[in-house]
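Before any comments, here is the structure.
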Amino acid sequence: MNVASKRRDDSLEGIRGELVARLRSRAAEIEEAIFARIWALSDPAEIDDPEYRVGLRGTLAEAVEYAFQTLERGEDWNAPMPATVAAQARLAARSGVRLDTVLRRYAAGDRLLGEFIMDETRRFPSDALRQVMRGHGPQVDRLMAAVAAEYMEEAEQIRRSPAQRLGERVQQLLAGDQLLDLSGLEYDFDAWHLGLVVAGVKAEGAGRTLAAGLNRASLVVSRGNGVAWVWLGGQRPLAVAEVEHFRAAGVLGDVSLAVGEPRQGLEGWRLTHHEAQAARLVMLRRPSPLVRASEVTLLAAVLSDDALAKSLRATYLEPLRNLGDSGPILRDTLRAYFGAGFNAAAAAAALRVDRHTVQRRLRKVEEALDCLLHDCHAEIEVALSLEELDEGGPVKILQIKPPAPPAA
């Protein structure tokens, strides 16, 4: 290699490195934009599955980093796709997401990444950028081919496995297929139902043990990766407290339970499962032995809508953060006040301050947010719960009872 060629190679390597460094500095922005775009590509056959949604977001970070490496190392680089990407492709097959939807989401993500790349191109010579980008397309094609292969292999296993075929029929029923033959499912859909998502090494066994211990009929569907969908059926409603008591006895092993509410009939069967899925969405963000849907409904609804979550943070948290050192004190005061059932004296005792101090802080919050706590307490509580999830702290149970209105 002559000196001139080596200099061109060095220059190209430097451009690759600088381009990728700039993109990595915007990784969070890129991932957020791509997730919003690909999630907007809906699939009528897709079941709302928290595992799939959360897995898609986690996989996205791995896929974006993989794309960065293809740009940085060139067309000759040929590393296998990340294990999380392969696992998500298989989960897509189990979740009823069609292969064309999976591939359209990858293609849409790649197009958006290309827009971010073009945003950086004005800093570099066009001929060098053409060389950098020349190998990117084939790398994306190889990745999508590998994703398709993983998906098809999982789909074939589903076709062959009786348990997987059961899961497919249940998904069709959840999606509203009214013509599906229910006779082979051996479960009474006219009864009362309690839906659960059980997670753990022996999730299926725990679901069946729970049914036997509570003397209930059961429908158990394995979702793979230690997750099972479970319905407990009977002629009377099953109180969630009975499930909590049984779990506390320790006979289920190391599993976690996301639990819906007792519902009746086929529509109730669908609804209680949807509620359990909502509880599972919260549980995936903050592990807990048992999460009851009725206690986290608002939080789960917000977690399923990224734009709404961003809006709540901006509306109810940012004004308090902008108050400097007093921001954390005010947020802690709000948590104590809500936790005390909107009782200022009880909150003061928990914070070891006097009641007037709590009341002054609450008035300061109302001024900063330009709303009365009586009118916006639910939104503030959800925003605080989002903050706890972001920071890795335990999620507090939201108070349902509103505070008393101010005296006339």
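Here, A, B, ... name the chains of the structure tokens in the order displayed, residue numbers run from 1 inside each chain, and ligands are numbered from 1 in the same displayed order.
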
Would you kindly return, as number ranges by chain, each protein, DNA or RNA residue with an atom no farther than 10 Å from any atom of Val282 in chain A, considering only C-alpha atoms and excluding same-chain residues fewer than 3 positions away? A: 50, 258, 277-279, 285-288, 291-293, 296-297, 299-301, 303-304, 389, 395

Got time to write the residues from that selection, C-alpha atoms, as a tab-separated table (two decimals), in the first residue's frame?
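File produced: again34.tsv:
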chain	number	residue	atom	x	y	z
A	50	PRO	CA	-46.14	-5.86	27.61
A	258	ALA	CA	-49.70	-9.42	37.67
A	277	GLN	CA	-51.29	-7.12	31.08
A	278	ALA	CA	-51.52	-3.53	32.29
A	279	ALA	CA	-50.26	-4.58	35.72
A	285	ARG	CA	-40.48	-1.40	34.99
A	286	ARG	CA	-40.29	-2.14	38.71
A	287	PRO	CA	-40.27	-5.78	39.85
A	288	SER	CA	-42.69	-6.74	42.62
A	291	VAL	CA	-49.15	-6.07	41.24
A	292	ARG	CA	-52.91	-5.61	41.12
A	293	ALA	CA	-54.25	-3.81	38.05
A	296	VAL	CA	-51.87	0.95	38.92
A	297	THR	CA	-54.44	1.53	36.17
A	299	LEU	CA	-49.86	4.56	35.68
A	300	ALA	CA	-50.14	1.64	33.25
A	301	ALA	CA	-52.21	3.75	30.84
A	303	LEU	CA	-46.71	3.91	30.42
A	304	SER	CA	-48.40	2.64	27.28
A	389	LEU	CA	-39.84	4.38	37.96
A	395	VAL	CA	-43.75	2.63	43.10

Tell me which protein, DNA and RNA residues are within 10 Å of Arg236 in chain A, counting only C-alpha atoms, leaving out same-chain ones fewer than 2 positions away, and put them as JSON, numbers by chain. {"A": [191, 192, 193, 216, 233, 234, 238, 239, 262, 263, 264]}

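Going from CA of Pro237 in chain A over to CA of Leu173 in chain A, you cover 21.7 Å.
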
Taking into account only C-alpha atoms, which residue in the set A:Ala203, A:Val197, A:Val140, A:Ala241 is nearest to Asp110 in chain A?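 So, comparing all the options, the nearest one is A:Val140.
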
Using only C-alpha atoms, which residue out of A:Leu284, A:Leu372, A:Val358, A:Leu129 lies closest to Ser256 in chain A?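 Among the listed residues, A:Leu284 lies closest to Ser256 in chain A.
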
Which of range 170-241 of chain A end up as alpha helix (DSSP H) when DSSP is run on this backbone - answer as a PyMOL selection string? chain A and resi 170-174+203-213+240-241

For the contact check between range 41-149 of chain A and range 9-18 of chain A, emit one row per residue of range 41-149 of chain A within 8 Å, containing the shortest atom pair and the distance in Å rounded to one decimal, counting only C-alpha atoms, chain then rising number order, as a Markdown table.
| residue | atom | partner | partner_atom | distance |
| --- | --- | --- | --- | --- |
| A:Leu71 | CA | A:Arg16 | CA | 6.5 |
| A:Glu72 | CA | A:Arg16 | CA | 5.0 |
| A:Arg73 | CA | A:Arg16 | CA | 7.7 |
| A:Phe124 | CA | A:Ile15 | CA | 7.1 |
| A:Ala128 | CA | A:Leu12 | CA | 6.2 |
| A:Leu129 | CA | A:Ile15 | CA | 7.9 |
| A:Val132 | CA | A:Arg16 | CA | 6.6 |

I need the chosen residues saved as a compact mmCIF listing (two decimals), in the first residue's frame, with N, CA and C atoms.
# COMPACT_ATOMS: atom_id res chain seq x y z
N LEU A 71 -21.38 0.99 10.68
CA LEU A 71 -20.85 2.22 10.10
C LEU A 71 -19.38 2.42 10.45
N GLU A 72 -19.03 2.07 11.69
CA GLU A 72 -17.68 2.31 12.19
C GLU A 72 -16.67 1.33 11.61
N ARG A 73 -17.09 0.08 11.40
CA ARG A 73 -16.13 -0.96 11.01
C ARG A 73 -16.16 -1.31 9.53
N PHE A 124 -18.63 16.34 6.60
CA PHE A 124 -17.64 15.43 6.03
C PHE A 124 -17.66 15.50 4.51
N ALA A 128 -16.07 10.54 0.76
CA ALA A 128 -15.75 9.66 1.89
C ALA A 128 -17.03 9.09 2.50
N LEU A 129 -18.08 9.92 2.59
CA LEU A 129 -19.33 9.45 3.16
C LEU A 129 -19.97 8.37 2.29
N VAL A 132 -18.40 5.28 3.31
CA VAL A 132 -18.88 4.84 4.63
C VAL A 132 -20.25 4.17 4.50

Could you check how far CA of Glu75 in chain A sits from CA of His136 in chain A, in Å to one decimal? 6.7 Å

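Atom pair CA of Asp375 in chain A / CA of Arg352 in chain A has a distance of 26.9 Å (rounded to one decimal).
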
Determine, counting only C-alpha atoms, which protein, DNA and RNA residues have an atom within 10 Å of an atom of Gly253 in chain A; residues of the same chain fewer than 2 positions away are not included. Present the result as a list in words. Gly200, Val201, Lys202, Ala203, Gly205, Ala206, Arg247, Ala249, Gly250, Val251, Val255 and Ser256 of chain A

Export, as an mmCIF file, in the first residue's frame, the selected residues with N, CA and C atoms.
data_model
loop_
_atom_site.group_PDB
_atom_site.id
_atom_site.type_symbol
_atom_site.label_atom_id
_atom_site.label_comp_id
_atom_site.auth_asym_id
_atom_site.auth_seq_id
_atom_site.Cartn_x
_atom_site.Cartn_y
_atom_site.Cartn_z
ATOM 1 N N GLY A 200 -41.720 -16.225 36.029
ATOM 2 C CA GLY A 200 -40.755 -16.937 36.860
ATOM 3 C C GLY A 200 -40.305 -18.199 36.152
ATOM 4 N N VAL A 201 -39.328 -18.880 36.726
ATOM 5 C CA VAL A 201 -38.762 -20.061 36.079
ATOM 6 C C VAL A 201 -39.828 -21.126 35.846
ATOM 7 N N LYS A 202 -40.738 -21.309 36.791
ATOM 8 C CA LYS A 202 -41.782 -22.325 36.668
ATOM 9 C C LYS A 202 -43.151 -21.663 36.634
ATOM 10 N N ALA A 203 -43.321 -20.723 35.687
ATOM 11 C CA ALA A 203 -44.546 -19.933 35.628
ATOM 12 C C ALA A 203 -45.774 -20.793 35.365
ATOM 13 N N GLY A 205 -46.263 -24.043 35.932
ATOM 14 C CA GLY A 205 -46.552 -24.875 37.095
ATOM 15 C C GLY A 205 -47.159 -24.070 38.221
ATOM 16 N N ALA A 206 -46.669 -22.841 38.411
ATOM 17 C CA ALA A 206 -47.222 -21.993 39.462
ATOM 18 C C ALA A 206 -48.680 -21.653 39.175
ATOM 19 N N ARG A 247 -50.288 -16.763 47.530
ATOM 20 C CA ARG A 247 -48.904 -16.454 47.141
ATOM 21 C C ARG A 247 -48.016 -16.264 48.365
ATOM 22 N N ALA A 249 -48.154 -17.682 51.102
ATOM 23 C CA ALA A 249 -47.842 -18.957 51.767
ATOM 24 C C ALA A 249 -46.557 -19.572 51.237
ATOM 25 N N GLY A 250 -46.080 -19.108 50.087
ATOM 26 C CA GLY A 250 -44.792 -19.550 49.571
ATOM 27 C C GLY A 250 -44.794 -20.828 48.761
ATOM 28 N N VAL A 251 -45.952 -21.362 48.410
ATOM 29 C CA VAL A 251 -45.985 -22.644 47.702
ATOM 30 C C VAL A 251 -45.824 -22.481 46.192
ATOM 31 N N VAL A 255 -41.982 -16.710 41.828
ATOM 32 C CA VAL A 255 -42.695 -16.146 40.682
ATOM 33 C C VAL A 255 -43.310 -14.814 41.098
ATOM 34 N N SER A 256 -43.651 -14.015 40.114
ATOM 35 C CA SER A 256 -44.370 -12.768 40.348
ATOM 36 C C SER A 256 -45.709 -12.838 39.630
#

Could you go through range 3-202 of chain A and tell me which residues DSSP, when run on the backbone, assigns to strand (DSSP E), listing them as number ranges by chain? A: 192-200

Set the distance at 10 Å and use only C-alpha atoms: which residues neighbour range 153-157 of chain A once local chain neighbours fewer than 2 positions away are removed? I'd like the list as a ChimeraX atom specification. /A:87,89-94,96,99,148-151,159-162,164-165

Considering only C-alpha atoms, state which residue in the set A:Ser183, A:Asn215, A:Gln139, A:Gln172 is at the smallest distance from Thr70 in chain A. A:Gln139

Residue neighbourhood range 317-331 of chain A, 8 Å, only C-alpha atoms, exclusion window fewer than 5 positions, as a list in words: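 Those residues are Leu312, Arg361, Leu362, Val365, Ala368, Leu369, Ile380, Ala383 and Leu384 of chain A.
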
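Closest approach to Leu182 in chain A from the set A:Glu242, A:Leu214, A:Leu266, A:Ala347 is made by A:Leu266, with distances taken over only C-alpha atoms.
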
Which residue of A:Gly207, A:Pro82, A:Gly74, A:Pro125 approaches Thr59 in chain A most closely, using only C-alpha atoms: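 Comparing A:Gly207, A:Pro82, A:Gly74, A:Pro125 against Thr59 in chain A, the winner is A:Pro82.
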
What's the 8 Å shell around Tyr187 in chain A, counting only C-alpha atoms, without same-chain residues fewer than 3 positions away, as a list in words? Ala217, Ser218, Leu219 and Gly233 of chain A
